[in-house]
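Undergrad: Just dropping this structure here.
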Amino acid sequence: THGLDTSGSMPRRQTRAVRVGDVYIGGSNPVVVQSMINEDTLDVDGCVKAIRELHEAGCEIVRLTVPSMAHAHAVGFIKQRLQETYRDVPLVADVHHNGMAIALEVAKHVDKVRINPGLYVFEKPDPTRTEYTPRDFQVAAAKLKETLRPLILSLKEQDKALRIGVNHGSLSERMLFTHGDTPEGMVESALECVRVCRELDFHNLVISMKASKVSVMMAAYRLLARRLDAEHMDYPLHLGVTEAGDGEYGRIKSSIGIGGLLAEGLGDTIRVSLTEHPLKEIPVCYSILQALGLRRTMVEYVACPSCGRTLFNIEEVLHVVRDATKHMPGLSIAVMGCIVNGPGEMADADYGYVGKSAGKISLYRGREEIRTVPESRGVAELIALMKEDGVWV
Ligand code: SF4
């Protein structure tokens with residue numbers, strides 16, 4: 001009634017689909033979940049094991065770091081071993097330094113290369129300098145093009161992808177001097193690199209604007225999306241909050257930064273960076289996507305917080321219901337403490353378990369009350385109802 005879309009669907013920024021191995025980022029594809037292993041890339045066995053574990057846990061693209069030529073060669077063995085013993089997991093190589101030879105070598109073995117443009121044209125801090133003129137920027141852009149050209153042409157020829165991964169903490173001297181440590185500086189840094197790719201007619205691009213401050217990260221992605229859209233550039237975005245830390249706060253920071261932008265329709269692939277084992281990042285990614293209705297990879301549980309009207313131990317029942325039903329992704333199940341507010345607030349769940357009176361609960365299919373049973377048989381009867389309906393698997 002107030003122009004609100006209550007269907008749960010949100011308009012998304014239109015992007016092109018960029019292929020990374022057999023996964024596509026952007027277009028009408030689901031938001032892709034990715035992470036990064038923290039093994040030493042020279043440890044081929046360890047990396048193969050870690051990549052496989054992450055992939056089996058739901059990580060669709062796996063990144064690894066490539067700081068030297070020896071590491072680049074090791075990636076070739078890792079990729080081959082994965083293909084022979086498991087499957088061709090889409091891999092991304094992080095080449096941070098000004099190591100074009102390394103990037104060129106590893107580009108043969110991976111599906112996407114990630115570079116940080118701030119680190120690619122080395123600019124010595126010059127205390128005597130009072131400004132950077134447009135001419136300085138032109139010269140730097142030409143130098144960047146010369147540096148990146150072999151990598152871009154190689155990726156283009158192999159039909160592989162490039163992530164332009166800007167980090168708030170590592171902008172070039174020129175960008176820092178001109179724009180300061182700001183979202184504008186981050187966006188300019190990315191756009192300079194994007195223009196080089198476009199001049200070489202290379203468009204398999206994904207862009208990221210990571211920062212550890214959620215507000216900076218969100219501002220940078222929003223500004224980037226506006227600038228790209230204004231110039232009709234539909235490259236997909238990779239979202240992440242760097243150095244989010246660990247535990248509950250790390251998860252909350254990531255969820256706000258990543259989830260906030262996704263809720264605005266921005267973002268095509270996500271990585272939650274926790275100071276914990278990478279396997280811990282994957283459920284957080286899927287929970288963010290599930291909460292926004294962007295992917296339904298688990299059962300959606302709706303439950304009231306309970307209050308003085310609650311007629312049973314709701315926390316315990318929710319655990320039992322979850323244990324019994326969590327293998328049926330796509331379903332939504334409500335557990336509500338009482339019938340006063342319960343049925344109306346079940347958010348259109350497929351099934352409901354609602355306190356009716358002392359010792360009795362009611363089972364719902366959608367908004368329809370199906371039967372009232374003793375609480376002691378509640379969960380068994382809920383399962384029986386699902387079986388009758390043919391949804392139980
Ligand atoms: Fe309380 Fe009932 Fe609302 Fe649960 S559904 S919080 S028991 S009023």
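Each chain of the structure tokens is named A, B, ... in the order shown, its residues numbered from 1; ligands are numbered from 1 in display order.
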Ligand 1: which residues are within 7 Å, counting only C-alpha atoms and all ligand atoms? Reply as a PyMOL selection string.

TA: chain A and resi 304-311+336-342

Undergrad: Within range 13-50 of chain A, find each residue whose DSSP state, derived from the backbone, is helix (DSSP H, G or I), and express the selection as a list of chain:residue names.

TA: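 After running DSSP on the backbone, range 13-50 of chain A has helix (DSSP H, G or I) at A:Val44, A:Asp45, A:Gly46, A:Cys47, A:Val48, A:Lys49, A:Ala50.
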
Undergrad: Any chance you could export the current selection's N, CA and C atoms as a short mmCIF file (atom, residue, chain, number, x, y, z; two decimals), in the first residue's frame?

TA:
```cif
data_model
loop_
_atom_site.label_atom_id
_atom_site.label_comp_id
_atom_site.auth_asym_id
_atom_site.auth_seq_id
_atom_site.Cartn_x
_atom_site.Cartn_y
_atom_site.Cartn_z
N VAL A 44 51.54 -28.55 -1.98
CA VAL A 44 50.54 -28.97 -2.96
C VAL A 44 49.50 -29.90 -2.32
N ASP A 45 49.96 -30.90 -1.57
CA ASP A 45 49.01 -31.85 -0.95
C ASP A 45 48.05 -31.12 0.00
N GLY A 46 48.64 -30.26 0.84
CA GLY A 46 47.83 -29.52 1.81
C GLY A 46 46.81 -28.63 1.11
N CYS A 47 47.21 -28.00 0.02
CA CYS A 47 46.30 -27.10 -0.70
C CYS A 47 45.17 -27.88 -1.38
N VAL A 48 45.52 -29.01 -1.97
CA VAL A 48 44.49 -29.82 -2.65
C VAL A 48 43.43 -30.24 -1.63
N LYS A 49 43.91 -30.67 -0.46
CA LYS A 49 42.99 -31.12 0.60
C LYS A 49 42.10 -29.95 1.06
N ALA A 50 42.74 -28.80 1.30
CA ALA A 50 42.00 -27.65 1.81
C ALA A 50 40.97 -27.15 0.78
#
```

Undergrad: Applying 12 Å and only C-alpha atoms, which residues near Ile256 in chain A remain after dropping the ones on its own chain fewer than 3 positions away? List them as a list in words.

TA: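 The residues satisfying every condition are Lys213, Val214, Ser215, Met217, Met218, Leu239, Gly240, Val241, Ala244, Tyr249, Gly250, Arg251, Ile252, Lys253, Gly259, Gly260, Leu261, Leu262, Ala263, Glu264, Val272, Val284, Cys285, Ile288, Ala291 and Leu292 of chain A.
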
Undergrad: I want to know what sits within 12 Å of Ala103 in chain A, based on only C-alpha atoms, with residues of the same chain fewer than 6 positions away left out; could you give that as a ChimeraX atom specification?

TA: /A:65-73,75,92-97,109-110,112-116,120,147-152,154-155,162

Undergrad: Please provide the set of residues having any atom within 7 Å of range 168-176 of chain A, restricted to only C-alpha atoms, with same-chain residues fewer than 6 positions apart removed, written as an MDAnalysis selection string.

TA: chainID A and resid 118:119 123 125 132 185:186 189 210:211

Undergrad: Please produce a file of those selected residues containing C-alpha atoms, as a PDB file, in the first residue's frame.

TA:
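Just written: out28.pdb:
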```pdb
ATOM      1  CA  GLY A 118      47.292   0.175  -6.095  1.00  0.00           C
ATOM      2  CA  LEU A 119      50.341  -2.068  -6.090  1.00  0.00           C
ATOM      3  CA  GLU A 123      55.099   5.394  -7.144  1.00  0.00           C
ATOM      4  CA  PRO A 125      56.421   9.066  -2.221  1.00  0.00           C
ATOM      5  CA  TYR A 132      49.605  15.527  -9.451  1.00  0.00           C
ATOM      6  CA  GLY A 185      40.344   7.287  -4.296  1.00  0.00           C
ATOM      7  CA  MET A 186      39.354   3.622  -4.272  1.00  0.00           C
ATOM      8  CA  SER A 189      41.949   3.439  -8.711  1.00  0.00           C
ATOM      9  CA  LYS A 210      37.304  -3.857   0.231  1.00  0.00           C
ATOM     10  CA  ALA A 211      37.835  -1.964   3.458  1.00  0.00           C
TER      11      ALA A 211
END
```

Undergrad: With a distance cut-off of 10 Å and only C-alpha atoms, select the neighbouring residues of range 329-332 of chain A, excluding the residue or stretch itself and same-chain residues fewer than 5 positions from it, and output the selection as a PDB file with N, CA and C atoms, in the first residue's frame.

TA:
```pdb
ATOM      1  N   GLN A 290      20.592 -16.400   2.426  1.00  0.00           N
ATOM      2  CA  GLN A 290      19.271 -16.960   2.779  1.00  0.00           C
ATOM      3  C   GLN A 290      18.401 -15.878   3.420  1.00  0.00           C
ATOM      4  N   ARG A 295      19.341 -16.806  -1.926  1.00  0.00           N
ATOM      5  CA  ARG A 295      19.525 -18.238  -2.170  1.00  0.00           C
ATOM      6  C   ARG A 295      18.837 -18.973  -1.039  1.00  0.00           C
ATOM      7  N   ARG A 296      18.203 -20.110  -1.380  1.00  0.00           N
ATOM      8  CA  ARG A 296      17.567 -20.904  -0.319  1.00  0.00           C
ATOM      9  C   ARG A 296      18.269 -22.237  -0.254  1.00  0.00           C
ATOM     10  N   THR A 297      19.292 -22.290   0.573  1.00  0.00           N
ATOM     11  CA  THR A 297      20.089 -23.506   0.659  1.00  0.00           C
ATOM     12  C   THR A 297      19.819 -24.245   1.958  1.00  0.00           C
ATOM     13  N   MET A 298      18.951 -23.672   2.786  1.00  0.00           N
ATOM     14  CA  MET A 298      18.617 -24.355   4.040  1.00  0.00           C
ATOM     15  C   MET A 298      17.141 -24.141   4.349  1.00  0.00           C
ATOM     16  N   VAL A 299      16.681 -24.820   5.372  1.00  0.00           N
ATOM     17  CA  VAL A 299      15.299 -24.615   5.798  1.00  0.00           C
ATOM     18  C   VAL A 299      15.227 -23.258   6.486  1.00  0.00           C
ATOM     19  N   GLU A 300      14.167 -22.515   6.205  1.00  0.00           N
ATOM     20  CA  GLU A 300      13.981 -21.219   6.852  1.00  0.00           C
ATOM     21  C   GLU A 300      13.138 -21.450   8.105  1.00  0.00           C
ATOM     22  N   TYR A 301      13.690 -21.169   9.274  1.00  0.00           N
ATOM     23  CA  TYR A 301      12.929 -21.335  10.511  1.00  0.00           C
ATOM     24  C   TYR A 301      12.434 -19.977  10.985  1.00  0.00           C
ATOM     25  N   VAL A 302      11.140 -19.932  11.265  1.00  0.00           N
ATOM     26  CA  VAL A 302      10.536 -18.721  11.807  1.00  0.00           C
ATOM     27  C   VAL A 302      10.155 -19.082  13.235  1.00  0.00           C
ATOM     28  N   MET A 346       3.463 -15.965  11.273  1.00  0.00           N
ATOM     29  CA  MET A 346       4.355 -17.049  10.852  1.00  0.00           C
ATOM     30  C   MET A 346       5.027 -16.772   9.506  1.00  0.00           C
ATOM     31  N   ALA A 347       4.823 -15.554   9.000  1.00  0.00           N
ATOM     32  CA  ALA A 347       5.506 -15.124   7.774  1.00  0.00           C
ATOM     33  C   ALA A 347       5.313 -16.114   6.622  1.00  0.00           C
ATOM     34  N   ASP A 348       4.072 -16.585   6.487  1.00  0.00           N
ATOM     35  CA  ASP A 348       3.747 -17.485   5.373  1.00  0.00           C
ATOM     36  C   ASP A 348       4.622 -18.740   5.344  1.00  0.00           C
ATOM     37  N   ALA A 349       4.952 -19.242   6.524  1.00  0.00           N
ATOM     38  CA  ALA A 349       5.740 -20.475   6.567  1.00  0.00           C
ATOM     39  C   ALA A 349       4.916 -21.620   5.962  1.00  0.00           C
ATOM     40  N   ASP A 350       5.606 -22.629   5.444  1.00  0.00           N
ATOM     41  CA  ASP A 350       4.905 -23.782   4.855  1.00  0.00           C
ATOM     42  C   ASP A 350       4.206 -24.594   5.940  1.00  0.00           C
ATOM     43  N   TYR A 351       4.875 -24.711   7.097  1.00  0.00           N
ATOM     44  CA  TYR A 351       4.297 -25.464   8.205  1.00  0.00           C
ATOM     45  C   TYR A 351       4.465 -24.683   9.501  1.00  0.00           C
ATOM     46  N   GLY A 352       3.528 -24.913  10.430  1.00  0.00           N
ATOM     47  CA  GLY A 352       3.622 -24.222  11.712  1.00  0.00           C
ATOM     48  C   GLY A 352       3.372 -25.174  12.872  1.00  0.00           C
ATOM     49  N   GLY A 366       0.610 -23.919   6.017  1.00  0.00           N
ATOM     50  CA  GLY A 366       0.383 -22.520   5.639  1.00  0.00           C
ATOM     51  C   GLY A 366      -0.412 -21.851   6.736  1.00  0.00           C
ATOM     52  N   VAL A 391       5.998 -33.996   1.155  1.00  0.00           N
ATOM     53  CA  VAL A 391       7.172 -33.098   1.095  1.00  0.00           C
ATOM     54  C   VAL A 391       8.358 -33.672   1.865  1.00  0.00           C
TER      55      VAL A 391
END
```

Undergrad: Rank nothing, just name the residue among A:Cys197, A:Ala384, A:Val321, A:Ala190 nearest to Leu228 in chain A, using only C-alpha atoms.

TA: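 Of A:Cys197, A:Ala384, A:Val321, A:Ala190, the one nearest Leu228 in chain A is A:Ala190, counting only C-alpha atoms.
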